[in-house]
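File shown: target.csv (CSV, C-alpha atoms).
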chain,number,residue,atom,x,y,z
A,17,MET,CA,24.8,53.7,-9.9
A,18,SER,CA,25.3,53.9,-6.1
A,19,ASP,CA,28.2,55.8,-4.5
A,20,ASP,CA,28.5,52.9,-2.0
A,21,PRO,CA,31.1,50.4,-3.3
A,22,ASN,CA,29.7,47.6,-1.2
A,23,ILE,CA,26.3,47.9,-3.0
A,24,GLU,CA,28.1,47.7,-6.3
A,25,THR,CA,30.0,44.6,-5.2
A,26,SER,CA,26.8,43.0,-4.0
A,27,GLU,CA,25.0,43.8,-7.3
A,28,THR,CA,28.0,42.3,-9.2
A,29,ASP,CA,27.9,39.2,-7.1
A,30,LEU,CA,24.2,38.8,-7.6
A,31,ALA,CA,24.6,39.2,-11.4
A,32,ARG,CA,27.4,36.6,-11.5
A,33,HIS,CA,25.4,34.2,-9.4
A,34,ALA,CA,22.4,34.6,-11.6
A,35,GLU,CA,24.5,34.0,-14.7
A,36,LYS,CA,26.2,30.9,-13.1
A,37,MET,CA,22.8,29.4,-12.1
A,38,ALA,CA,21.4,30.1,-15.6
A,39,LYS,CA,24.2,28.1,-17.2
A,40,LYS,CA,23.8,25.4,-14.6
A,41,LYS,CA,20.1,25.2,-15.3
A,42,ALA,CA,20.7,25.0,-19.1
A,43,ALA,CA,23.1,22.2,-18.6
A,44,ARG,CA,20.7,20.4,-16.3
A,45,ASP,CA,17.8,20.8,-18.7
A,46,LYS,CA,19.9,19.4,-21.5
A,47,ILE,CA,20.6,16.3,-19.4
A,48,MET,CA,17.0,15.9,-18.2
A,49,ALA,CA,15.8,16.1,-21.8
A,50,THR,CA,17.5,12.8,-22.5
A,51,LYS,CA,15.9,11.0,-19.4
A,52,THR,CA,12.6,10.0,-20.8
A,53,GLY,CA,12.4,6.3,-20.0
A,54,GLU,CA,10.3,4.7,-17.3
A,55,LYS,CA,10.6,1.2,-15.8
A,56,GLY,CA,9.8,-0.7,-12.6
A,57,LEU,CA,12.9,-0.4,-10.4
A,58,ILE,CA,14.6,-3.0,-8.2
A,59,ILE,CA,15.7,-0.9,-5.2
A,60,VAL,CA,18.0,-2.1,-2.4
A,61,HIS,CA,18.5,-0.4,0.9
A,62,THR,CA,21.3,-1.9,2.9
A,63,GLY,CA,24.2,-1.1,5.2
A,64,LYS,CA,24.8,-0.9,8.9
A,65,GLY,CA,23.2,2.5,9.4
A,66,LYS,CA,19.7,3.3,10.5
A,67,GLY,CA,17.0,4.3,8.0
A,68,LYS,CA,16.7,1.4,5.5
A,69,SER,CA,13.1,0.6,6.3
A,70,SER,CA,12.2,4.2,7.1
A,71,ALA,CA,13.3,5.3,3.6
A,72,ALA,CA,11.5,2.4,2.0
A,73,PHE,CA,8.3,3.3,3.9
A,74,GLY,CA,8.7,6.9,2.6
A,75,MET,CA,8.3,5.6,-0.9
A,76,ILE,CA,5.3,3.5,0.2
A,77,PHE,CA,3.6,6.6,1.6
A,78,ARG,CA,4.3,8.5,-1.6
A,79,HIS,CA,2.5,5.7,-3.5
A,80,ILE,CA,-0.4,6.0,-1.1
A,81,ALA,CA,-0.5,9.8,-1.5
A,82,HIS,CA,-0.7,9.4,-5.3
A,83,GLY,CA,-3.5,6.8,-5.0
A,84,LYS,CA,-1.3,4.0,-6.3
A,85,LYS,CA,-1.8,0.5,-4.9
A,86,CYS,CA,1.2,-1.0,-3.1
A,87,ALA,CA,2.0,-3.7,-0.6
A,88,VAL,CA,4.4,-4.6,2.2
A,89,VAL,CA,5.8,-7.9,3.4
A,90,GLN,CA,7.8,-7.9,6.6
A,91,PHE,CA,10.1,-10.9,6.7
A,92,ILE,CA,11.5,-10.5,10.3
A,93,LYS,CA,9.6,-7.9,12.3
A,94,GLY,CA,6.4,-8.9,13.9
A,95,ALA,CA,6.9,-9.1,17.7
A,96,MET,CA,6.0,-5.4,18.3
A,97,SER,CA,3.6,-2.9,16.8
A,98,THR,CA,5.1,-0.2,14.5
A,99,GLY,CA,3.8,3.2,13.6
A,100,GLU,CA,4.0,2.5,9.9
A,101,ARG,CA,1.9,-0.7,10.1
A,102,ASP,CA,-0.7,0.8,12.5
A,103,LEU,CA,-1.2,3.8,10.3
A,104,ILE,CA,-1.5,1.8,7.1
A,105,LEU,CA,-3.9,-0.8,8.5
A,106,LYS,CA,-6.0,1.9,10.1
A,107,HIS,CA,-6.3,4.4,7.3
A,108,PHE,CA,-4.9,3.0,4.0
A,109,SER,CA,-5.6,-0.7,3.9
A,110,ASP,CA,-7.6,-0.1,0.7
A,111,LEU,CA,-4.4,1.1,-1.1
A,112,CYS,CA,-1.7,-0.9,0.7
A,113,GLU,CA,-1.8,-4.6,1.7
A,114,PHE,CA,0.4,-5.2,4.8
A,115,HIS,CA,1.6,-8.6,5.7
A,116,THR,CA,3.8,-9.1,8.8
A,117,MET,CA,5.1,-12.7,8.3
A,118,GLY,CA,8.0,-12.8,10.7
A,119,GLU,CA,8.0,-13.4,14.4
A,120,GLY,CA,11.2,-11.5,15.4
A,121,PHE,CA,14.8,-12.3,15.1
A,122,THR,CA,16.0,-15.9,15.4
A,123,TRP,CA,17.6,-15.3,18.8
A,124,GLU,CA,14.1,-14.4,20.0
A,125,THR,CA,12.2,-17.3,18.5
A,126,GLN,CA,15.0,-19.8,19.1
A,127,ASP,CA,13.4,-22.0,16.5
A,128,LYS,CA,15.3,-22.1,13.2
A,129,ALA,CA,12.9,-24.5,11.5
A,130,ARG,CA,9.9,-22.2,12.3
A,131,ASP,CA,11.9,-19.1,11.2
A,132,ILE,CA,12.6,-20.8,7.8
A,133,ALA,CA,9.0,-21.8,7.4
A,134,MET,CA,7.8,-18.2,8.1
A,135,ALA,CA,10.4,-16.8,5.7
A,136,GLN,CA,9.3,-19.2,3.0
A,137,ALA,CA,5.7,-18.2,3.5
A,138,ALA,CA,6.6,-14.6,3.4
A,139,TRP,CA,8.5,-15.1,0.1
A,140,GLU,CA,5.4,-16.9,-1.4
A,141,LYS,CA,3.2,-14.0,-0.4
A,142,ALA,CA,5.8,-11.5,-1.8
A,143,LYS,CA,5.8,-13.3,-5.2
A,144,GLU,CA,2.0,-13.2,-5.3
A,145,LEU,CA,1.9,-9.5,-4.6
A,146,ILE,CA,4.7,-8.7,-7.1
A,147,ARG,CA,2.9,-10.7,-9.8
A,148,ASP,CA,-0.3,-8.7,-9.2
A,149,PRO,CA,-0.2,-5.9,-11.9
A,150,LEU,CA,-2.4,-3.7,-9.7
A,151,ASN,CA,0.5,-3.2,-7.3
A,152,SER,CA,2.8,-0.4,-8.4
A,153,MET,CA,5.3,-1.1,-5.6
A,154,VAL,CA,6.0,-4.0,-3.2
A,155,LEU,CA,8.3,-3.5,-0.2
A,156,LEU,CA,10.1,-6.6,1.1
A,157,ASP,CA,11.2,-5.4,4.5
A,158,GLU,CA,14.3,-7.1,5.9
A,159,VAL,CA,14.3,-9.7,3.2
A,160,ASN,CA,18.1,-9.3,3.0
A,161,ILE,CA,18.4,-10.8,6.4
A,162,ALA,CA,16.3,-13.8,5.4
A,163,ILE,CA,18.5,-14.3,2.4
A,164,ARG,CA,21.7,-13.9,4.5
A,165,TYR,CA,20.6,-16.7,6.8
A,166,ASP,CA,19.6,-18.9,3.9
A,167,TYR,CA,16.0,-18.9,5.0
A,168,ILE,CA,15.1,-18.2,1.3
A,169,ASP,CA,17.3,-19.0,-1.7
A,170,LEU,CA,19.2,-16.1,-3.3
A,171,ALA,CA,19.2,-17.7,-6.7
A,172,GLU,CA,15.4,-18.1,-6.7
A,173,VAL,CA,15.0,-14.4,-5.6
A,174,LEU,CA,17.3,-13.2,-8.4
A,175,GLU,CA,15.6,-15.4,-11.1
A,176,PHE,CA,12.1,-14.3,-10.0
A,177,LEU,CA,13.0,-10.6,-10.1
A,178,ALA,CA,14.7,-10.9,-13.4
A,179,THR,CA,12.0,-13.0,-15.2
A,180,GLU,CA,8.7,-12.6,-13.4
A,181,LYS,CA,8.5,-9.1,-12.0
A,182,PRO,CA,6.1,-7.0,-14.2
A,183,PRO,CA,8.0,-4.4,-16.2
A,184,MET,CA,6.5,-1.4,-14.4
A,185,THR,CA,6.4,-2.7,-10.8
A,186,HIS,CA,8.9,-1.3,-8.3
A,187,VAL,CA,10.3,-3.8,-5.7
A,188,VAL,CA,12.2,-2.5,-2.7
A,189,LEU,CA,14.4,-4.9,-0.7
A,190,THR,CA,15.7,-3.8,2.7
A,191,GLY,CA,18.1,-5.2,5.3
A,192,ARG,CA,21.8,-5.3,6.1
A,193,ASN,CA,24.3,-7.4,4.2
A,194,ALA,CA,22.6,-7.4,0.8
A,195,LYS,CA,24.2,-10.0,-1.4
A,196,ASP,CA,26.6,-8.8,-4.2
A,197,GLU,CA,24.5,-10.5,-6.8
A,198,LEU,CA,21.4,-8.7,-5.7
A,199,ILE,CA,23.2,-5.4,-5.7
A,200,GLU,CA,24.4,-6.1,-9.3
A,201,LEU,CA,20.8,-6.9,-10.4
A,202,ALA,CA,19.3,-3.8,-8.8
A,203,ASP,CA,18.7,-0.5,-10.5
A,204,LEU,CA,19.1,1.7,-7.4
A,205,VAL,CA,21.2,0.8,-4.4
A,206,THR,CA,21.6,2.9,-1.2
A,207,GLU,CA,24.0,1.9,1.6
A,208,MET,CA,23.2,3.5,4.9
A,209,GLU,CA,26.5,4.2,6.7
A,210,LEU,CA,26.6,4.2,10.5
A,211,VAL,CA,28.4,7.2,11.9
A,212,LYS,CA,26.8,7.4,15.4
A,213,HIS,CA,24.0,5.6,17.1
A,214,PRO,CA,22.4,6.3,20.5
A,215,PHE,CA,22.2,2.6,21.3
A,216,ARG,CA,25.9,2.7,21.9
A,217,SER,CA,25.3,5.3,24.6
A,218,GLY,CA,22.7,3.2,26.4
A,219,ILE,CA,19.7,4.7,24.7
A,220,LYS,CA,17.0,2.2,23.9
A,221,ALA,CA,14.8,2.1,20.7
A,222,GLN,CA,12.2,4.8,21.0
A,223,ILE,CA,8.7,5.2,19.7
A,224,GLY,CA,8.4,7.5,16.7
A,225,VAL,CA,12.1,7.0,15.9
A,226,GLU,CA,12.7,3.3,15.6
A,227,TYR,CA,9.1,2.1,15.4

How does this structure look as structure tokens?
Amino acid sequence: MSDDPNIETSETDLARHAEKMAKKKAARDKIMATKTGEKGLIIVHTGKGKGKSSAAFGMIFRHIAHGKKCAVVQFIKGAMSTGERDLILKHFSDLCEFHTMGEGFTWETQDKARDIAMAQAAWEKAKELIRDPLNSMVLLDEVNIAIRYDYIDLAEVLEFLATEKPPMTHVVLTGRNAKDELIELADLVTEMELVKHPFRSGIKAQIGVEY
């Protein structure tokens, strides 16, 4: 035993910490032992904060990294190139289908009838990709916006996901203002909260951050 009391205290603290962590691990292992099920998840990313699509693309890239087939349908974006789309189309098109079906926000197109037609076409493509059992995950990017503006019917989306989605297929739906009914149906819901955003300080969208 050391004559230095500080060393003894440190050793005691380390022993207590190790004991505490061992108990926590045992409790965690007990919980994890009960989590044996698997299913295709309905995942919703919503809220006013940044990161909804970014987080969803993170899961798409995980699928690609594991060699799993997946697909993306973009309901609103389309006017500009994005890093995610360019990377997937250039290097991973064999694993991930990518369909940009929108033409920008309605204040840019200024043609509601065309916006509705494009959203309907995107939804038809989304249903086709979700039905395909080879796709492990399908990302419906900014579909919540199309639903909010009644470009596609919420009841139809809910019924399709509840009755036609293959049991092991993950479907990710992004965009602000997700409907309460969709949140209720979903297995995993994350709301991105806005705390600060550089746009409010006059900073424009920047490459590598927003797109």

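Residues in contact with Lys55 (chain A) at 10 Å, where only C-alpha atoms are counted and same-chain residues fewer than 2 positions away are skipped, are listed as Gly53, Leu57, Ile58, Pro182, Pro183, Met184, Thr185, His186 and Asp203 of chain A.
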
Exercise. Find the spatial neighbours of Ala135 (chain A), counting all atoms listed in the file, within a cut-off of 10 Å - ignore same-chain residues fewer than 2 positions away - and output them as a VMD selection string.
Key: chain A and resid 90 to 92 117 to 119 129 to 133 137 to 141 159 162 to 163 166 to 168

Would you export the selected residues with C-alpha atoms as a PDB file, in the frame of the given file, please?
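selection.pdb, freshly written:
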ATOM      1  CA  GLN A  90       7.800  -7.900   6.600  1.00  0.00           C
ATOM      2  CA  PHE A  91      10.100 -10.900   6.700  1.00  0.00           C
ATOM      3  CA  ILE A  92      11.500 -10.500  10.300  1.00  0.00           C
ATOM      4  CA  MET A 117       5.100 -12.700   8.300  1.00  0.00           C
ATOM      5  CA  GLY A 118       8.000 -12.800  10.700  1.00  0.00           C
ATOM      6  CA  GLU A 119       8.000 -13.400  14.400  1.00  0.00           C
ATOM      7  CA  ALA A 129      12.900 -24.500  11.500  1.00  0.00           C
ATOM      8  CA  ARG A 130       9.900 -22.200  12.300  1.00  0.00           C
ATOM      9  CA  ASP A 131      11.900 -19.100  11.200  1.00  0.00           C
ATOM     10  CA  ILE A 132      12.600 -20.800   7.800  1.00  0.00           C
ATOM     11  CA  ALA A 133       9.000 -21.800   7.400  1.00  0.00           C
ATOM     12  CA  ALA A 137       5.700 -18.200   3.500  1.00  0.00           C
ATOM     13  CA  ALA A 138       6.600 -14.600   3.400  1.00  0.00           C
ATOM     14  CA  TRP A 139       8.500 -15.100   0.100  1.00  0.00           C
ATOM     15  CA  GLU A 140       5.400 -16.900  -1.400  1.00  0.00           C
ATOM     16  CA  LYS A 141       3.200 -14.000  -0.400  1.00  0.00           C
ATOM     17  CA  VAL A 159      14.300  -9.700   3.200  1.00  0.00           C
ATOM     18  CA  ALA A 162      16.300 -13.800   5.400  1.00  0.00           C
ATOM     19  CA  ILE A 163      18.500 -14.300   2.400  1.00  0.00           C
ATOM     20  CA  ASP A 166      19.600 -18.900   3.900  1.00  0.00           C
ATOM     21  CA  TYR A 167      16.000 -18.900   5.000  1.00  0.00           C
ATOM     22  CA  ILE A 168      15.100 -18.200   1.300  1.00  0.00           C
TER      23      ILE A 168
END

Quiz item: By how many Å are CA of Ala31 (chain A) and CA of Lys46 (chain A) apart?
Solution: 22.7 Å

Self-check item: Separation of CA of Met37 (chain A) from CA of Ala49 (chain A) in Å
Solution: 17.9 Å

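The nearest approach to Asp196 (chain A) among the residues A:Lys220, A:Arg164, A:Lys181, A:Arg147, with all atoms listed in the file taken into account, belongs to A:Arg164.
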
Quiz item: Near Ile199 (chain A), within 10 Å and counting only C-alpha atoms, which residues show up once chain neighbours fewer than 3 positions away are dropped, as a PyMOL selection string?
Solution: chain A and resi 58-62+194-196+202-206

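Distance annotation: of A:Leu150, A:Val211, A:Met75, A:Val225, the residue with the minimal separation from Glu113 (chain A) is A:Leu150; atom set is only C-alpha atoms.
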
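CA of Phe77 (chain A) is positioned 21.3 Å from CA of Gln222 (chain A).
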
Quiz item: In terms of the shortest atom-to-atom distance over only C-alpha atoms, which of A:Asp127, A:Glu100, A:Asp169, A:Glu226 is closest to Pro214 (chain A)?
Solution: A:Glu226

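Each of A:Gly99, A:Lys85, A:Ala221, A:Ser109 was compared to Pro149 (chain A) using only C-alpha atoms, and A:Lys85 turns out to be the nearest.
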
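Excluding Ile80 (chain A) and any residue on its chain fewer than 2 positions from it, the residues at most 12 Å away by all atoms listed in the file are Phe73, Gly74, Met75, Ile76, Phe77, Arg78, His82, Gly83, Lys84, Lys85, Cys86, Ala87, Leu103, Ile104, His107, Phe108, Ser109, Asp110, Leu111, Cys112, Glu113, Asn151, Ser152 and Met153 of chain A.
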
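Of the listed residues (A:Ser69, A:Asn193, A:Thr28, A:Thr98), A:Asn193 comes nearest to Tyr165 (chain A); the distances count only C-alpha atoms.
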
Exercise. Measuring atom to atom with all atoms listed in the file, identify which of A:Gly94, A:Gly63, A:Gly218, A:Gly56 is nearest to Val188 (chain A).
Key: A:Gly56

Residue list as a PDB file with C-alpha atoms, keeping the file's coordinate frame for point (7.1, -11.6, -10.1), cut-off 9 Å, only C-alpha atoms:
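Output below, filename point01.pdb:
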ATOM      1  CA  ALA A 142       5.800 -11.500  -1.800  1.00  0.00           C
ATOM      2  CA  LYS A 143       5.800 -13.300  -5.200  1.00  0.00           C
ATOM      3  CA  GLU A 144       2.000 -13.200  -5.300  1.00  0.00           C
ATOM      4  CA  LEU A 145       1.900  -9.500  -4.600  1.00  0.00           C
ATOM      5  CA  ILE A 146       4.700  -8.700  -7.100  1.00  0.00           C
ATOM      6  CA  ARG A 147       2.900 -10.700  -9.800  1.00  0.00           C
ATOM      7  CA  ASP A 148      -0.300  -8.700  -9.200  1.00  0.00           C
ATOM      8  CA  PHE A 176      12.100 -14.300 -10.000  1.00  0.00           C
ATOM      9  CA  LEU A 177      13.000 -10.600 -10.100  1.00  0.00           C
ATOM     10  CA  ALA A 178      14.700 -10.900 -13.400  1.00  0.00           C
ATOM     11  CA  THR A 179      12.000 -13.000 -15.200  1.00  0.00           C
ATOM     12  CA  GLU A 180       8.700 -12.600 -13.400  1.00  0.00           C
ATOM     13  CA  LYS A 181       8.500  -9.100 -12.000  1.00  0.00           C
ATOM     14  CA  PRO A 182       6.100  -7.000 -14.200  1.00  0.00           C
ATOM     15  CA  THR A 185       6.400  -2.700 -10.800  1.00  0.00           C
TER      16      THR A 185
END
